[in-house]
Amino acid sequence: QVQLVESGGGLVQVGGSLRLSCVGSETIFRNHAMGWYRQGLGNKREMIAGITPRGTPNYHDSVKGRFTITKDDAESTLYLQMDTLKLEDSAVYFCNRAPRNNSLWGRGTQVTVSS
């Protein structure tokens, strides 16, 4: 049973930075495209960043130029470096395959951006 465990969230001021981590299994990272998703209060869960098995990233326009997705297959870890955070980035952040597999959702990690 694959488990994905997100961490690294917290409270940060506008303009600040956070680095999220997602630990899974080496197999899932090597063989599948992965993504970071977020769900703000009252909003749908949306994918904001993805990375191919070969490491090619892609981003939603809302985070392009501010967030960076990377992965370490050997450490079975997916990262999301978030810089220049905005109020609207506040959400629970999740990792999953891309496209998503609903059997793999973890608990997520809360990111709160304050003014």
# chains A, B, ... in the order shown; residues from 1 in each chain; ligands from 1
$ residues_around --residues "stretch 24-32 of chain A" --least-positions-apart "2" --cutoff "7 Å" --atoms "only C-alpha atoms" --output "list of chain:residue names"
A:Val2, A:Gln3, A:Leu4, A:Val5, A:Cys22, A:Met34, A:Thr52, A:Pro53, A:Asp73, A:Ala74, A:Ser76, A:Thr77, A:Arg97
$ residues_around --residues "A:Ser90" --least-positions-apart "3" --cutoff "9 Å" --atoms "only C-alpha atoms" --output "PyMOL selection string"
chain A and resi 38-41+85-87+93+110-114
$ write_last_selection --atoms "C-alpha atoms" --output "PDB file, in the first residue's frame"
ATOM      1  CA  ARG A  38      -3.918  22.426  -3.012  1.00  0.00           C
ATOM      2  CA  GLN A  39      -7.361  23.022  -1.660  1.00  0.00           C
ATOM      3  CA  GLY A  40      -8.298  26.345  -0.204  1.00  0.00           C
ATOM      4  CA  LEU A  41     -11.329  26.883   1.987  1.00  0.00           C
ATOM      5  CA  LEU A  85       3.913  33.707  -0.944  1.00  0.00           C
ATOM      6  CA  LYS A  86       0.583  35.491  -1.291  1.00  0.00           C
ATOM      7  CA  LEU A  87      -2.547  35.470   0.836  1.00  0.00           C
ATOM      8  CA  TYR A  93      -1.320  21.128   0.159  1.00  0.00           C
ATOM      9  CA  GLN A 110      -1.612  23.338   5.982  1.00  0.00           C
ATOM     10  CA  VAL A 111      -0.083  26.523   4.617  1.00  0.00           C
ATOM     11  CA  THR A 112      -1.364  29.795   6.021  1.00  0.00           C
ATOM     12  CA  VAL A 113      -0.144  33.103   4.657  1.00  0.00           C
ATOM     13  CA  SER A 114      -0.835  36.136   6.794  1.00  0.00           C
TER      14      SER A 114
END
$ closest_residue --among "A:Val14, A:Trp36, A:Asp72, A:Asp83" --to "A:Arg54" --atoms "only C-alpha atoms"
A:Asp72
$ residues_around --residues "A:Ala49" --least-positions-apart "2" --cutoff "7 Å" --atoms "only C-alpha atoms" --output "MDAnalysis selection string"
chainID A and resid 35:36 47 58:60 69
$ select_by_dssp --residues "chain A" --states "strand (DSSP E)" --output "ChimeraX atom specification"
/A:5-7,10-13,18-23,34-39,46-51,57-59,67-72,77-82,91-97,109-114
$ closest_residue --among "A:Asp61, A:Asp89, A:Glu75, A:Glu46" --to "A:Gly10" --atoms "only C-alpha atoms"
A:Asp89
$ decode --residues "stretch 33-60 of chain A" --atoms "N, CA and C atoms" --output "PDB file, in the first residue's frame"
ATOM      1  N   ALA A  33       4.460  10.377 -13.173  1.00  0.00           N
ATOM      2  CA  ALA A  33       4.439  11.817 -12.997  1.00  0.00           C
ATOM      3  C   ALA A  33       3.777  12.113 -11.658  1.00  0.00           C
ATOM      4  N   MET A  34       4.279  13.119 -10.975  1.00  0.00           N
ATOM      5  CA  MET A  34       3.771  13.481  -9.661  1.00  0.00           C
ATOM      6  C   MET A  34       3.340  14.937  -9.659  1.00  0.00           C
ATOM      7  N   GLY A  35       2.505  15.279  -8.713  1.00  0.00           N
ATOM      8  CA  GLY A  35       2.041  16.660  -8.650  1.00  0.00           C
ATOM      9  C   GLY A  35       1.790  17.116  -7.235  1.00  0.00           C
ATOM     10  N   TRP A  36       1.828  18.427  -7.080  1.00  0.00           N
ATOM     11  CA  TRP A  36       1.373  19.072  -5.853  1.00  0.00           C
ATOM     12  C   TRP A  36      -0.001  19.669  -6.137  1.00  0.00           C
ATOM     13  N   TYR A  37      -0.889  19.439  -5.210  1.00  0.00           N
ATOM     14  CA  TYR A  37      -2.246  19.935  -5.306  1.00  0.00           C
ATOM     15  C   TYR A  37      -2.530  20.802  -4.078  1.00  0.00           C
ATOM     16  N   ARG A  38      -3.508  21.661  -4.187  1.00  0.00           N
ATOM     17  CA  ARG A  38      -3.918  22.426  -3.012  1.00  0.00           C
ATOM     18  C   ARG A  38      -5.416  22.631  -3.027  1.00  0.00           C
ATOM     19  N   GLN A  39      -5.928  22.785  -1.825  1.00  0.00           N
ATOM     20  CA  GLN A  39      -7.361  23.022  -1.660  1.00  0.00           C
ATOM     21  C   GLN A  39      -7.552  24.100  -0.629  1.00  0.00           C
ATOM     22  N   GLY A  40      -7.979  25.262  -1.102  1.00  0.00           N
ATOM     23  CA  GLY A  40      -8.298  26.345  -0.204  1.00  0.00           C
ATOM     24  C   GLY A  40      -9.709  26.189   0.330  1.00  0.00           C
ATOM     25  N   LEU A  41     -10.018  26.967   1.348  1.00  0.00           N
ATOM     26  CA  LEU A  41     -11.329  26.883   1.987  1.00  0.00           C
ATOM     27  C   LEU A  41     -12.435  27.159   0.970  1.00  0.00           C
ATOM     28  N   GLY A  42     -13.335  26.207   0.809  1.00  0.00           N
ATOM     29  CA  GLY A  42     -14.451  26.364  -0.112  1.00  0.00           C
ATOM     30  C   GLY A  42     -14.111  26.151  -1.562  1.00  0.00           C
ATOM     31  N   ASN A  43     -12.875  25.772  -1.830  1.00  0.00           N
ATOM     32  CA  ASN A  43     -12.450  25.596  -3.223  1.00  0.00           C
ATOM     33  C   ASN A  43     -12.237  24.123  -3.568  1.00  0.00           C
ATOM     34  N   LYS A  44     -12.176  23.853  -4.855  1.00  0.00           N
ATOM     35  CA  LYS A  44     -11.858  22.513  -5.306  1.00  0.00           C
ATOM     36  C   LYS A  44     -10.358  22.250  -5.152  1.00  0.00           C
ATOM     37  N   ARG A  45     -10.009  20.998  -5.072  1.00  0.00           N
ATOM     38  CA  ARG A  45      -8.593  20.625  -5.020  1.00  0.00           C
ATOM     39  C   ARG A  45      -8.035  20.723  -6.441  1.00  0.00           C
ATOM     40  N   GLU A  46      -6.976  21.503  -6.610  1.00  0.00           N
ATOM     41  CA  GLU A  46      -6.421  21.729  -7.934  1.00  0.00           C
ATOM     42  C   GLU A  46      -4.932  21.428  -7.943  1.00  0.00           C
ATOM     43  N   MET A  47      -4.460  21.003  -9.093  1.00  0.00           N
ATOM     44  CA  MET A  47      -3.034  20.739  -9.230  1.00  0.00           C
ATOM     45  C   MET A  47      -2.329  22.050  -9.579  1.00  0.00           C
ATOM     46  N   ILE A  48      -1.279  22.338  -8.884  1.00  0.00           N
ATOM     47  CA  ILE A  48      -0.557  23.587  -9.109  1.00  0.00           C
ATOM     48  C   ILE A  48       0.835  23.380  -9.669  1.00  0.00           C
ATOM     49  N   ALA A  49       1.373  22.202  -9.513  1.00  0.00           N
ATOM     50  CA  ALA A  49       2.708  21.918 -10.044  1.00  0.00           C
ATOM     51  C   ALA A  49       2.829  20.425 -10.300  1.00  0.00           C
ATOM     52  N   GLY A  50       3.501  20.086 -11.376  1.00  0.00           N
ATOM     53  CA  GLY A  50       3.705  18.682 -11.709  1.00  0.00           C
ATOM     54  C   GLY A  50       5.132  18.437 -12.145  1.00  0.00           C
ATOM     55  N   ILE A  51       5.540  17.191 -12.099  1.00  0.00           N
ATOM     56  CA  ILE A  51       6.889  16.833 -12.550  1.00  0.00           C
ATOM     57  C   ILE A  51       6.832  15.461 -13.189  1.00  0.00           C
ATOM     58  N   THR A  52       7.454  15.318 -14.347  1.00  0.00           N
ATOM     59  CA  THR A  52       7.459  14.051 -15.060  1.00  0.00           C
ATOM     60  C   THR A  52       8.457  13.080 -14.422  1.00  0.00           C
ATOM     61  N   PRO A  53       8.393  11.815 -14.771  1.00  0.00           N
ATOM     62  CA  PRO A  53       9.380  10.865 -14.232  1.00  0.00           C
ATOM     63  C   PRO A  53      10.818  11.292 -14.531  1.00  0.00           C
ATOM     64  N   ARG A  54      11.012  11.971 -15.642  1.00  0.00           N
ATOM     65  CA  ARG A  54      12.366  12.431 -15.977  1.00  0.00           C
ATOM     66  C   ARG A  54      12.734  13.750 -15.319  1.00  0.00           C
ATOM     67  N   GLY A  55      11.779  14.365 -14.626  1.00  0.00           N
ATOM     68  CA  GLY A  55      12.111  15.573 -13.884  1.00  0.00           C
ATOM     69  C   GLY A  55      11.713  16.878 -14.554  1.00  0.00           C
ATOM     70  N   THR A  56      10.929  16.831 -15.596  1.00  0.00           N
ATOM     71  CA  THR A  56      10.483  18.058 -16.258  1.00  0.00           C
ATOM     72  C   THR A  56       9.306  18.653 -15.496  1.00  0.00           C
ATOM     73  N   PRO A  57       9.430  19.901 -15.045  1.00  0.00           N
ATOM     74  CA  PRO A  57       8.344  20.489 -14.268  1.00  0.00           C
ATOM     75  C   PRO A  57       7.318  21.228 -15.137  1.00  0.00           C
ATOM     76  N   ASN A  58       6.145  21.410 -14.571  1.00  0.00           N
ATOM     77  CA  ASN A  58       5.145  22.282 -15.187  1.00  0.00           C
ATOM     78  C   ASN A  58       4.337  22.902 -14.066  1.00  0.00           C
ATOM     79  N   TYR A  59       3.805  24.103 -14.325  1.00  0.00           N
ATOM     80  CA  TYR A  59       3.173  24.879 -13.273  1.00  0.00           C
ATOM     81  C   TYR A  59       1.860  25.501 -13.721  1.00  0.00           C
ATOM     82  N   HIS A  60       0.953  25.634 -12.770  1.00  0.00           N
ATOM     83  CA  HIS A  60      -0.247  26.429 -12.979  1.00  0.00           C
ATOM     84  C   HIS A  60       0.181  27.893 -13.048  1.00  0.00           C
TER      85      HIS A  60
END
